[in-house]
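**Student:** My structure is in query_9.csv, and what it holds is CSV, C-alpha atoms:
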chain,number,residue,atom,x,y,z
A,1008,MET,CA,13.7,11.5,7.9
A,1009,THR,CA,14.5,8.7,10.3
A,1010,ALA,CA,14.1,8.9,14.1
A,1011,VAL,CA,16.9,7.0,15.9
A,1012,GLY,CA,15.9,4.5,18.5
A,1013,ASP,CA,14.4,1.1,19.1
A,1014,TYR,CA,10.7,1.7,18.8
A,1015,THR,CA,7.9,-0.7,19.0
A,1016,LEU,CA,4.4,-0.8,17.6
A,1017,ALA,CA,3.1,0.4,20.9
A,1018,ASP,CA,5.3,3.5,20.5
A,1019,LEU,CA,4.0,4.1,17.0
A,1020,PHE,CA,0.4,4.2,18.3
A,1021,THR,CA,1.0,6.0,21.6
A,1022,LEU,CA,3.9,8.5,21.3
A,1023,PRO,CA,2.6,12.1,21.4
A,1024,ASP,CA,3.2,14.5,18.6
A,1025,LEU,CA,4.1,12.0,15.8
A,1026,PRO,CA,3.3,13.2,12.3
A,1027,CYS,CA,0.1,11.8,10.8
A,1028,ARG,CA,2.0,9.2,8.7
A,1029,ALA,CA,4.8,7.0,9.8
A,1030,ASP,CA,6.3,3.7,9.0
A,1031,LEU,CA,8.0,1.5,11.7
A,1032,ILE,CA,10.7,-0.6,10.1
A,1033,ASP,CA,12.9,-2.8,12.3
A,1034,GLY,CA,12.3,-0.5,15.2
A,1035,HIS,CA,13.1,2.8,13.3
A,1036,LEU,CA,10.5,5.4,12.6
A,1037,TYR,CA,10.3,6.9,9.1
A,1038,PHE,CA,8.3,10.0,8.3
A,1039,PRO,CA,7.5,10.6,4.6
A,1040,ARG,CA,7.5,14.0,3.1
A,1041,PRO,CA,4.1,15.5,2.0
A,1042,GLN,CA,2.8,13.7,-1.1
A,1043,ASN,CA,3.2,15.2,-4.6
A,1044,ARG,CA,0.2,15.6,-6.9
A,1045,PHE,CA,1.0,12.3,-8.8
A,1046,HIS,CA,1.2,10.3,-5.6
A,1047,SER,CA,-2.0,11.7,-4.2
A,1048,ILE,CA,-4.1,11.4,-7.4
A,1049,THR,CA,-2.7,7.9,-8.2
A,1050,GLY,CA,-3.7,6.8,-4.7
A,1051,ASP,CA,-7.2,8.1,-5.2
A,1052,LEU,CA,-7.4,6.5,-8.6
A,1053,LEU,CA,-6.5,3.1,-7.1
A,1054,LEU,CA,-8.8,3.5,-4.1
A,1055,ASN,CA,-11.8,4.5,-6.3
A,1056,GLY,CA,-11.0,1.8,-8.8
A,1057,LEU,CA,-10.9,-0.9,-6.2
A,1058,ARG,CA,-14.1,0.3,-4.6
A,1059,ARG,CA,-16.0,0.3,-7.9
A,1060,THR,CA,-16.3,-3.5,-8.0
A,1061,LEU,CA,-15.5,-4.3,-4.4
A,1062,PRO,CA,-17.2,-7.5,-3.1
A,1063,PRO,CA,-18.9,-7.0,0.3
A,1064,VAL,CA,-16.4,-9.2,2.1
A,1065,PHE,CA,-13.6,-6.7,1.5
A,1066,ARG,CA,-12.8,-3.0,2.3
A,1067,VAL,CA,-10.3,-0.6,0.9
A,1068,ARG,CA,-8.2,1.8,3.0
A,1069,ARG,CA,-5.6,4.5,2.5
A,1070,ASN,CA,-2.6,5.0,4.7
A,1071,MET,CA,-3.6,2.6,7.5
A,1072,THR,CA,-0.9,0.8,9.4
A,1073,VAL,CA,-0.4,-2.9,8.6
A,1074,VAL,CA,0.9,-4.6,11.7
A,1075,LEU,CA,3.6,-7.1,10.8
A,1076,ASP,CA,5.2,-7.7,14.2
A,1077,ARG,CA,6.1,-5.7,17.3
A,1078,ARG,CA,8.9,-3.8,15.5
A,1079,ASN,CA,7.3,-3.4,12.1
A,1080,GLY,CA,4.2,-1.5,11.1
A,1081,LEU,CA,3.9,-0.1,7.6
A,1082,GLU,CA,1.4,2.3,5.9
A,1083,PRO,CA,0.7,1.2,2.4
A,1084,ASP,CA,-0.8,3.9,0.2
A,1085,VAL,CA,-3.8,1.6,-0.5
A,1086,SER,CA,-4.7,-1.7,1.1
A,1087,LEU,CA,-7.4,-4.2,0.7
A,1088,ILE,CA,-8.6,-5.9,3.9
A,1089,HIS,CA,-11.1,-8.4,5.0
A,1090,ALA,CA,-14.3,-6.6,6.2
A,1091,GLU,CA,-14.5,-8.7,9.4
A,1092,ALA,CA,-11.1,-7.2,10.4
A,1093,ILE,CA,-12.8,-3.8,11.0
A,1094,THR,CA,-13.6,-3.4,14.7
A,1095,GLY,CA,-14.7,0.2,14.9
A,1096,TRP,CA,-14.1,3.8,14.1
A,1097,ASP,CA,-11.0,3.8,16.4
A,1098,ASP,CA,-9.1,1.3,14.3
A,1099,MET,CA,-5.5,2.5,13.7
A,1100,GLY,CA,-4.3,-0.5,11.7
A,1101,TYR,CA,-4.8,-4.1,10.7
A,1102,ARG,CA,-2.9,-7.3,11.1
A,1103,ALA,CA,-1.0,-8.5,8.1
A,1104,GLU,CA,-3.2,-11.7,7.9
A,1105,ASP,CA,-6.3,-9.5,7.5
A,1106,VAL,CA,-4.7,-7.7,4.5
A,1107,LEU,CA,-5.0,-9.2,1.0
A,1108,LEU,CA,-3.3,-6.4,-1.0
A,1109,ALA,CA,-0.8,-3.7,-0.2
A,1110,ALA,CA,-0.1,-1.0,-2.9
A,1111,GLU,CA,2.8,1.4,-2.8
A,1112,VAL,CA,3.0,4.5,-5.0
A,1113,VAL,CA,6.7,5.1,-5.3
A,1114,ALA,CA,7.8,8.6,-4.2
A,1115,PRO,CA,11.3,10.1,-4.6
A,1116,ASP,CA,12.0,10.2,-0.9
A,1117,THR,CA,10.8,6.7,-0.2
A,1118,GLU,CA,12.0,5.0,-3.4
A,1119,ALA,CA,14.4,2.5,-1.9
A,1120,ARG,CA,11.9,1.5,0.8
A,1121,ASP,CA,9.0,1.2,-1.6
A,1122,ARG,CA,10.9,-1.0,-4.0
A,1123,GLY,CA,13.0,-3.0,-1.6
A,1124,THR,CA,12.2,-3.0,2.1
A,1125,LYS,CA,8.4,-2.8,2.0
A,1126,PRO,CA,7.8,-5.6,-0.5
A,1127,HIS,CA,10.1,-7.8,1.5
A,1128,LYS,CA,8.3,-7.1,4.7
A,1129,TYR,CA,4.8,-7.3,3.2
A,1130,ALA,CA,5.6,-10.7,1.7
A,1131,ALA,CA,5.8,-12.2,5.2
A,1132,GLY,CA,2.0,-12.2,5.3
A,1133,ILE,CA,0.2,-10.3,2.5
A,1134,PRO,CA,-0.7,-12.3,-0.6
A,1135,HIS,CA,-0.7,-9.4,-3.2
A,1136,PHE,CA,1.5,-6.4,-3.7
A,1137,TRP,CA,1.3,-3.6,-6.3
A,1138,LEU,CA,4.3,-1.3,-7.0
A,1139,VAL,CA,3.1,1.8,-8.7
A,1140,GLU,CA,5.4,4.2,-10.5
A,1141,MET,CA,5.1,7.1,-13.0
A,1142,ASP,CA,5.8,6.3,-16.6
A,1143,SER,CA,8.2,9.2,-17.5
A,1144,ARG,CA,7.0,9.3,-21.1
A,1145,THR,CA,3.2,9.4,-20.5
A,1146,GLN,CA,3.2,10.8,-16.9
A,1147,ARG,CA,0.7,8.0,-16.0
A,1148,PRO,CA,0.8,5.3,-13.4
A,1149,VAL,CA,2.3,1.9,-14.3
A,1150,VAL,CA,1.3,-0.9,-11.9
A,1151,ALA,CA,3.5,-3.9,-11.4
A,1152,VAL,CA,1.3,-6.6,-9.9
A,1153,HIS,CA,2.9,-9.2,-7.6
A,1154,ARG,CA,1.6,-12.4,-6.0
A,1155,ARG,CA,3.3,-14.2,-3.1
A,1156,ASP,CA,4.6,-17.6,-3.9
A,1157,GLU,CA,3.5,-20.0,-1.2
A,1158,ASP,CA,6.7,-22.1,-1.5
A,1159,THR,CA,9.3,-19.3,-1.4
A,1160,GLY,CA,7.3,-16.7,0.6
A,1161,ALA,CA,8.5,-14.1,-1.9
A,1162,TYR,CA,6.6,-12.0,-4.4
A,1163,THR,CA,6.5,-13.0,-8.1
A,1164,LEU,CA,5.7,-10.5,-10.8
A,1165,THR,CA,2.5,-11.5,-12.5
A,1166,GLY,CA,2.1,-8.5,-14.8
A,1167,ILE,CA,2.9,-4.9,-15.6
A,1168,HIS,CA,-0.1,-2.7,-16.5
A,1169,HIS,CA,0.2,0.6,-18.3
A,1170,ASP,CA,-3.1,2.0,-19.5
A,1171,ARG,CA,-5.5,-0.4,-17.8
A,1172,LEU,CA,-5.2,-2.6,-14.8
A,1173,ARG,CA,-7.5,-5.5,-15.5
A,1174,ILE,CA,-7.0,-8.6,-13.3
A,1175,SER,CA,-9.2,-11.3,-11.7
A,1176,VAL,CA,-7.3,-11.9,-8.5
A,1177,PRO,CA,-8.1,-11.2,-5.6
A,1178,TYR,CA,-11.4,-10.3,-7.4
A,1179,ASP,CA,-12.4,-8.8,-10.7
A,1180,ILE,CA,-10.6,-5.4,-10.9
A,1181,ASP,CA,-10.7,-3.0,-13.9
A,1182,ILE,CA,-9.0,0.4,-13.4
A,1183,ASP,CA,-8.5,2.8,-16.2
A,1184,LEU,CA,-5.0,4.2,-15.5
A,1185,THR,CA,-5.4,6.9,-18.2
A,1186,ALA,CA,-8.1,8.5,-16.1
A,1187,ILE,CA,-5.3,10.3,-14.3
A,1188,ASP,CA,-5.3,12.6,-17.3
A,1189,ASN,CA,-8.6,14.1,-16.2
A,1190,ARG,CA,-7.6,14.9,-12.6
Please re-express this file's structure in structure tokens.
**Tutor:**
Amino acid sequence: MTAVGDYTLADLFTLPDLPCRADLIDGHLYFPRPQNRFHSITGDLLLNGLRRTLPPVFRVRRNMTVVLDRRNGLEPDVSLIHAEAITGWDDMGYRAEDVLLAAEVVAPDTEARDRGTKPHKYAAGIPHFWLVEMDSRTQRPVVAVHRRDEDTGAYTLTGIHHDRLRISVPYDIDIDLTAIDNR
């Protein structure tokens, strides 16, 4: 659902009675539908997998706003941030330059934004992006790992991971994607 109007980040953080989750894209508010089971469990799987080997200089968050500019604030399903960006329990979001990774689990109602708009917006300041989709054959997550090219400012695909996500950047990460079978 889209709310019509020219909203700013200040509106996103102060308007009363907004739903718990919202994306602000080019001044428009988008409210996602409730998550399905795959989306929820995959988000947990990524969150827990990232935390398992997390260096102390980073933190992992779910559904926290990433501030891109005054008219854009997106909520990645999972994000990796610099620990020093945390200022207190009242934090409602983080600046894009404090975020190392944004991960989006594709949902039917947000598919176009997850695949197109969000990666384009994130590439303006976030070095790593994961696009996570369900493999229709195995019903498991497939993670497309992207890294921002410093010359072009766009994301480049560096790998597609089916059963195991094992990478060394931004740190050593090893997530068993088949673990979703036990959830």
**Student:** Can you measure CA of Asn1070 in chain A to CA of Ser1086 in chain A for me? One decimal in Å is fine.
**Tutor:**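 So the two atoms, CA of Asn1070 in chain A and CA of Ser1086 in chain A, lie 7.9 Å apart.
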**Student:** Please identify every residue of range 1077-1183 of chain A that has at least one atom no farther than 6 Å from an atom of range 1022-1040 of chain A, counting only C-alpha atoms, and for each give the shortest atom pair and the distance in Å to one decimal, arranged by chain then increasing number, as a tab-separated table.
**Tutor:**
residue	atom	partner	partner_atom	distance
A:Arg1078	CA	A:Gly1034	CA	4.7
A:Asn1079	CA	A:Ile1032	CA	4.8
A:Gly1080	CA	A:Leu1031	CA	4.9
A:Leu1081	CA	A:Asp1030	CA	4.7
A:Glu1082	CA	A:Asp1030	CA	6.0
**Student:** Figure out the distance between CA of Val1152 in chain A and CA of Ile1167 in chain A, please, to one decimal in Å.
**Tutor:**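 A separation of 6.2 Å between them.
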**Student:** If you take all atoms listed in the file and a cut-off of 12 Å, which residues of range 1078-1106 of chain A touch range 1134-1151 of chain A, and what are their nearest atom pairs and distances in Å to one decimal, in chain and number order, as CSV?
**Tutor:**
residue,atom,partner,partner_atom,distance
A:Pro1083,CA,A:Phe1136,CA,9.8
A:Asp1084,CA,A:Val1139,CA,9.9
A:Val1085,CA,A:Trp1137,CA,9.3
A:Ser1086,CA,A:Phe1136,CA,9.1
A:Leu1087,CA,A:His1135,CA,9.3
A:Ile1088,CA,A:Pro1134,CA,11.1
A:Ala1103,CA,A:Pro1134,CA,9.5
A:Glu1104,CA,A:Pro1134,CA,8.9
A:Asp1105,CA,A:Pro1134,CA,10.2
A:Val1106,CA,A:Pro1134,CA,7.9
**Student:** What is the CA of Leu1075 in chain A-CA of Gly1095 in chain A distance in Å, reported with one decimal?
**Tutor:**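 Going from CA of Leu1075 in chain A over to CA of Gly1095 in chain A, I get 20.1 Å.
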**Student:** Would you kindly return, as a PDB file with C-alpha atoms, keeping the file's coordinate frame, each protein, DNA or RNA residue with an atom no farther than 12 Å from any atom of Leu1061 in chain A, considering only C-alpha atoms and excluding same-chain residues fewer than 3 positions away?
**Tutor:**
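around_12.pdb, written as the output of this step:
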ATOM      1  CA  LEU A1053      -6.500   3.100  -7.100  1.00  0.00           C
ATOM      2  CA  LEU A1054      -8.800   3.500  -4.100  1.00  0.00           C
ATOM      3  CA  ASN A1055     -11.800   4.500  -6.300  1.00  0.00           C
ATOM      4  CA  GLY A1056     -11.000   1.800  -8.800  1.00  0.00           C
ATOM      5  CA  LEU A1057     -10.900  -0.900  -6.200  1.00  0.00           C
ATOM      6  CA  ARG A1058     -14.100   0.300  -4.600  1.00  0.00           C
ATOM      7  CA  VAL A1064     -16.400  -9.200   2.100  1.00  0.00           C
ATOM      8  CA  PHE A1065     -13.600  -6.700   1.500  1.00  0.00           C
ATOM      9  CA  ARG A1066     -12.800  -3.000   2.300  1.00  0.00           C
ATOM     10  CA  VAL A1067     -10.300  -0.600   0.900  1.00  0.00           C
ATOM     11  CA  LEU A1087      -7.400  -4.200   0.700  1.00  0.00           C
ATOM     12  CA  ILE A1088      -8.600  -5.900   3.900  1.00  0.00           C
ATOM     13  CA  HIS A1089     -11.100  -8.400   5.000  1.00  0.00           C
ATOM     14  CA  ALA A1090     -14.300  -6.600   6.200  1.00  0.00           C
ATOM     15  CA  SER A1175      -9.200 -11.300 -11.700  1.00  0.00           C
ATOM     16  CA  VAL A1176      -7.300 -11.900  -8.500  1.00  0.00           C
ATOM     17  CA  PRO A1177      -8.100 -11.200  -5.600  1.00  0.00           C
ATOM     18  CA  TYR A1178     -11.400 -10.300  -7.400  1.00  0.00           C
ATOM     19  CA  ASP A1179     -12.400  -8.800 -10.700  1.00  0.00           C
ATOM     20  CA  ILE A1180     -10.600  -5.400 -10.900  1.00  0.00           C
ATOM     21  CA  ASP A1181     -10.700  -3.000 -13.900  1.00  0.00           C
TER      22      ASP A1181
END
**Student:** Name the residues in contact with range 1170-1173 of chain A at a cut-off of 7 Å, using only C-alpha atoms, excluding same-chain residues fewer than 2 positions from it; report them as a PDB file with C-alpha atoms, in the frame of the given file.
**Tutor:**
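Result saved to out-v7.pdb:
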ATOM      1  CA  HIS A1168      -0.100  -2.700 -16.500  1.00  0.00           C
ATOM      2  CA  ILE A1180     -10.600  -5.400 -10.900  1.00  0.00           C
ATOM      3  CA  ASP A1181     -10.700  -3.000 -13.900  1.00  0.00           C
ATOM      4  CA  ILE A1182      -9.000   0.400 -13.400  1.00  0.00           C
ATOM      5  CA  ASP A1183      -8.500   2.800 -16.200  1.00  0.00           C
ATOM      6  CA  LEU A1184      -5.000   4.200 -15.500  1.00  0.00           C
ATOM      7  CA  THR A1185      -5.400   6.900 -18.200  1.00  0.00           C
TER       8      THR A1185
END
**Student:** Considering all atoms listed in the file, return as a list in words whatever protein or nucleic-acid residues lie within 8 Å of Arg1190 in chain A, sequence-local ones (same chain, fewer than 3 positions apart) excluded.
**Tutor:**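 Using all atoms listed in the file, the neighbours found are Ile1048, Ala1186 and Ile1187 of chain A.
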**Student:** For Gln1042 in chain A, which residue out of A:Trp1096, A:Arg1077, A:Ala1114, A:Ile1174 is the nearest one, using all atoms listed in the file?
**Tutor:**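 Of A:Trp1096, A:Arg1077, A:Ala1114, A:Ile1174, the one nearest Gln1042 in chain A is A:Ala1114, counting all atoms listed in the file.
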**Student:** Restricting the calculation to all atoms listed in the file, which member of A:Asp1076, A:Asp1018, A:Asp1156, A:Glu1111 is positioned closest to Ala1130 in chain A?
**Tutor:**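 Looking at the shortest contact to Ala1130 in chain A, the residue is A:Asp1156.
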